[in-house]
Amino acid sequence: MEVIDNQILVDSFFTFTLGIIVLFIGRRLSQAIKPLAHFNIPEPVSGGLLVSVLIAVVYFASGYEVSFNLTSRDVLLVYFFTTIGINASLQDLVKGGKPLIILLVITISYMFVQNYVGISVASAFELPRQVGLLGGSVSLIGGHGTAIAWAPRISETYGISNAMEIGIACATFGLILASLMGGPIAQFLIKRHQLIPSVVEPLDVGVSQDENQQPVTAMGFLDAILAIHVCMIFGFVLNEALAAWGLQLPLFVTCLFAGIIATNLVPKSLPRLTGTKWPARQPAIALISEISLGTFLAMSLMSMQLWTLIDLAGPIFAILGAQFLVAVLVTMFVVFPAMGRNYDAAVVCAGFGGISLGSTPTAMANMSAVATRYGNSHLAFVVVPLVCAFFIDLANALMIPWLLG
């Protein structure tokens with residue numbers, strides 16, 4: 001950690017350590033403030049938001065800006081999606097075929113709606129249509145990464161000098177709204193329709209507190225780490241090969257597919273150095289998945305620089321208010337009926353709440369909070385990541401330039 005010109009630079013090790021602390025802060029908040037647990041607000045969200053507000057107070061009081069090195073956070077994201085891939089079997093993918101297609105069609109259609117809502121509200125403020133796109137799928141479904149990637153081009157081509165600030169602001173507030181809406185929507189649907197899981201399944205993310213739960217041993221944990229690392233190496237090689245062919249994908253996407261390939265193509269009878277079976281759907285994988293996702297989200301939220309968003313508050317809040325209303329209506333009255341009006345559909349709705357305004361990790365955290373309380377939905381944990389980790393980026397890459405033009 002060092003201080004340079006009123007900027008406090010926090011290195012990767014201390015950022016990771018603080019992320020763990022923030023995760024525990026969120027846990028204590030959920031224990032102390034019952035509505036947080038009741039509405040399934042993920043623990044890293046409550047802790048991360050609190051710390052980001054405190055950091056903003058420090059900035060306004062002292063003028064010192066806190067900047068985090070988020071390298072370790074990005075590694076955790078790759079860990080998490082690799083575990084999702086390892087847990088996915090071909091049977092699950094076949095079972096998820098129809099729901100996957102339905103959710104994909106809804107999501108791509110919703111992206112068009114989201115963009116036109118942003119353009120309409122921007123026009124009401126007599127702002128260029130490109131500002132509306134920055135408040136649409138560029139920053140909301142696209143997230144910070146897509147906003148950062150497209151903002152320079154929008155700024156240079158269309159003369160919107162603060163395009164980067166608008167995109168980051170929308171992505172930041174969208175992340176907050178997505179974290180807060182998915183759990184309550186699922187809670188409402190589960191209670192109103194008295195939904196329960198059709199089968200009792202082990203958790204995809206996290207470990208049950210049931211005393212009969214299979215314990216996680218040291219060797220089992222290391223075996224899971226080894227399997228994850230093998231898949232990550234395969235995913236990195238696959239990513240480099242695709243890049244050489246001109247297809248740029250985030251590393252976590254190719255690692256997700258590497259996990260799926262390894263789980264489904266490696267024979268179960270193949271001898272392994274560890275003397276154990278491939279650790280798909282084992283408690284150690286679920287535990288690593290929960291640790292990675294929770295710490296990633298805590299670090300993402302605590303590092304938000306809220307003070308950079310004040311000057312853009314008016315138009316941005318109007319755009320986000322309209323987007324929030326549309327997202328809630330689509331989730332409850334389109335996604336839930338289309339996905340079958342059952343428990344799986346309710347968990348998917350929690351995930352769609354995260355996709356619609358936030359990011360893939362937010363969607364997974366929303367579903368994890370619901371699954372931990374009411375029971376797992378393996379179908380949701382297969383379908384949602386495939387839609388939002390792969391197809392959305394491809395659809396957005398085609399949609400954004402078309403709408404800009």
# chains A, B, ... in the order shown; residues from 1 in each chain; ligands from 1
>>> select_by_dssp(residues="range 105-294 of chain A", states="alpha helix (DSSP H)", output="ChimeraX atom specification")
/A:105-124,129-134,143-158,163-193,218-244,251-265,283-294
>>> write_last_selection(atoms="C-alpha atoms", output="compact mmCIF listing (two decimals), in the first residue's frame")
# COMPACT_ATOMS: atom_id res chain seq x y z
CA VAL A 105 -34.85 -15.56 -26.83
CA ILE A 106 -36.32 -13.57 -23.94
CA THR A 107 -32.94 -12.08 -23.02
CA ILE A 108 -32.04 -10.98 -26.56
CA SER A 109 -35.53 -9.50 -27.04
CA TYR A 110 -35.18 -7.73 -23.71
CA MET A 111 -31.84 -6.25 -24.84
CA PHE A 112 -33.65 -4.47 -27.70
CA VAL A 113 -36.27 -3.19 -25.24
CA GLN A 114 -33.57 -2.05 -22.82
CA ASN A 115 -31.79 -0.07 -25.53
CA TYR A 116 -34.95 1.63 -26.75
CA VAL A 117 -35.94 2.53 -23.19
CA GLY A 118 -32.53 4.16 -22.71
CA ILE A 119 -32.80 6.03 -26.01
CA SER A 120 -36.34 7.24 -25.19
CA VAL A 121 -35.42 8.60 -21.76
CA ALA A 122 -32.25 10.23 -23.13
CA SER A 123 -34.36 11.90 -25.84
CA ALA A 124 -36.69 13.27 -23.16
CA ARG A 129 -29.32 8.58 -28.66
CA GLN A 130 -25.80 7.31 -27.96
CA VAL A 131 -26.22 8.41 -24.32
CA GLY A 132 -29.35 6.25 -24.19
CA LEU A 133 -27.37 3.28 -25.50
CA LEU A 134 -24.79 3.87 -22.77
CA GLY A 143 -21.55 -4.44 -17.48
CA HIS A 144 -18.41 -2.45 -16.77
CA GLY A 145 -16.29 -4.37 -19.28
CA THR A 146 -18.54 -3.61 -22.26
CA ALA A 147 -19.00 0.02 -21.14
CA ILE A 148 -15.25 0.54 -20.89
CA ALA A 149 -14.71 -1.12 -24.27
CA TRP A 150 -17.29 0.96 -26.17
CA ALA A 151 -17.07 4.34 -24.41
CA PRO A 152 -13.88 5.54 -26.21
CA ARG A 153 -15.39 4.79 -29.64
CA ILE A 154 -18.66 6.55 -28.76
CA SER A 155 -16.70 9.51 -27.39
CA GLU A 156 -14.50 9.88 -30.48
CA THR A 157 -17.12 9.14 -33.15
CA TYR A 158 -20.11 11.00 -31.72
CA ALA A 163 -19.11 8.77 -22.47
CA MET A 164 -16.78 6.80 -20.18
CA GLU A 165 -18.18 8.44 -17.04
CA ILE A 166 -21.79 7.86 -18.16
CA GLY A 167 -21.12 4.21 -19.01
CA ILE A 168 -19.33 3.46 -15.75
CA ALA A 169 -21.98 5.30 -13.71
CA CYS A 170 -24.83 3.33 -15.31
CA ALA A 171 -22.96 0.05 -14.91
CA THR A 172 -22.23 0.82 -11.25
CA PHE A 173 -25.77 1.76 -10.25
CA GLY A 174 -27.14 -1.06 -12.40
CA LEU A 175 -24.98 -3.50 -10.45
CA ILE A 176 -26.42 -2.19 -7.19
CA LEU A 177 -30.03 -2.44 -8.41
CA ALA A 178 -29.47 -5.92 -9.84
CA SER A 179 -28.02 -7.09 -6.53
CA LEU A 180 -31.06 -5.79 -4.66
CA MET A 181 -33.90 -6.88 -6.98
CA GLY A 182 -33.25 -10.55 -7.84
CA GLY A 183 -33.65 -12.03 -4.36
CA PRO A 184 -36.86 -10.15 -3.41
CA ILE A 185 -38.51 -11.05 -6.73
CA ALA A 186 -37.74 -14.76 -6.21
CA GLN A 187 -38.92 -14.49 -2.59
CA PHE A 188 -42.23 -12.98 -3.71
CA LEU A 189 -42.82 -15.62 -6.39
CA ILE A 190 -41.91 -18.53 -4.10
CA LYS A 191 -44.20 -17.30 -1.32
CA ARG A 192 -47.10 -16.30 -3.55
CA HIS A 193 -47.18 -19.55 -5.52
CA ALA A 218 -8.09 -31.67 2.91
CA MET A 219 -7.33 -34.11 0.08
CA GLY A 220 -10.80 -33.64 -1.38
CA PHE A 221 -10.26 -29.89 -1.39
CA LEU A 222 -6.84 -30.22 -3.08
CA ASP A 223 -8.29 -32.67 -5.60
CA ALA A 224 -10.91 -30.07 -6.52
CA ILE A 225 -8.25 -27.34 -6.82
CA LEU A 226 -6.19 -29.58 -9.11
CA ALA A 227 -9.18 -30.29 -11.35
CA ILE A 228 -10.00 -26.58 -11.53
CA HIS A 229 -6.40 -25.70 -12.44
CA VAL A 230 -6.27 -28.34 -15.18
CA CYS A 231 -9.46 -26.89 -16.68
CA MET A 232 -8.16 -23.33 -16.36
CA ILE A 233 -4.97 -24.26 -18.25
CA PHE A 234 -7.10 -25.90 -20.95
CA GLY A 235 -9.35 -22.82 -20.99
CA PHE A 236 -6.36 -20.49 -21.40
CA VAL A 237 -5.02 -22.53 -24.34
CA LEU A 238 -8.50 -22.55 -25.91
CA ASN A 239 -8.78 -18.77 -25.40
CA GLU A 240 -5.43 -18.16 -27.11
CA ALA A 241 -6.41 -20.41 -30.02
CA LEU A 242 -9.71 -18.60 -30.54
CA ALA A 243 -7.95 -15.23 -30.33
CA ALA A 244 -5.55 -16.36 -33.06
CA LEU A 251 -11.06 -15.96 -20.27
CA PHE A 252 -13.80 -17.07 -17.87
CA VAL A 253 -16.00 -18.10 -20.82
CA THR A 254 -13.41 -20.47 -22.30
CA CYS A 255 -12.65 -21.86 -18.83
CA LEU A 256 -16.37 -22.51 -18.36
CA PHE A 257 -16.39 -24.52 -21.58
CA ALA A 258 -13.15 -26.27 -20.62
CA GLY A 259 -14.85 -27.48 -17.45
CA ILE A 260 -17.87 -28.74 -19.41
CA ILE A 261 -15.65 -30.56 -21.91
CA ALA A 262 -13.50 -32.18 -19.19
CA THR A 263 -16.50 -33.36 -17.18
CA ASN A 264 -18.26 -34.89 -20.15
CA LEU A 265 -15.41 -36.26 -22.27
CA PRO A 283 -18.94 -30.53 -1.82
CA ALA A 284 -15.34 -29.29 -2.31
CA ILE A 285 -16.20 -27.85 -5.74
CA ALA A 286 -19.33 -26.18 -4.33
CA LEU A 287 -17.30 -24.72 -1.44
CA ILE A 288 -14.63 -23.27 -3.76
CA SER A 289 -17.42 -21.91 -5.97
CA GLU A 290 -19.02 -20.08 -3.03
CA ILE A 291 -15.72 -18.65 -1.79
CA SER A 292 -14.74 -17.41 -5.25
CA LEU A 293 -18.11 -15.83 -6.06
CA GLY A 294 -18.61 -14.19 -2.67
>>> residues_around(residues="Met304 in chain A", least_positions_apart="4", cutoff="10 Å", atoms="only C-alpha atoms", output="count of residues only")
17
>>> closest_residue(among="A:Val45, A:Ile355, A:Leu9, A:Leu247", to="Phe24 in chain A", atoms="only C-alpha atoms")
A:Val45
>>> closest_residue(among="A:Val334, A:Ala280, A:Leu100, A:Leu297", to="Ala363 in chain A", atoms="only C-alpha atoms")
A:Leu297
>>> select_by_dssp(residues="range 23-199 of chain A", states="strand (DSSP E)", output="list in words")
Glu65, Val66, Ser67 and Phe68 of chain A
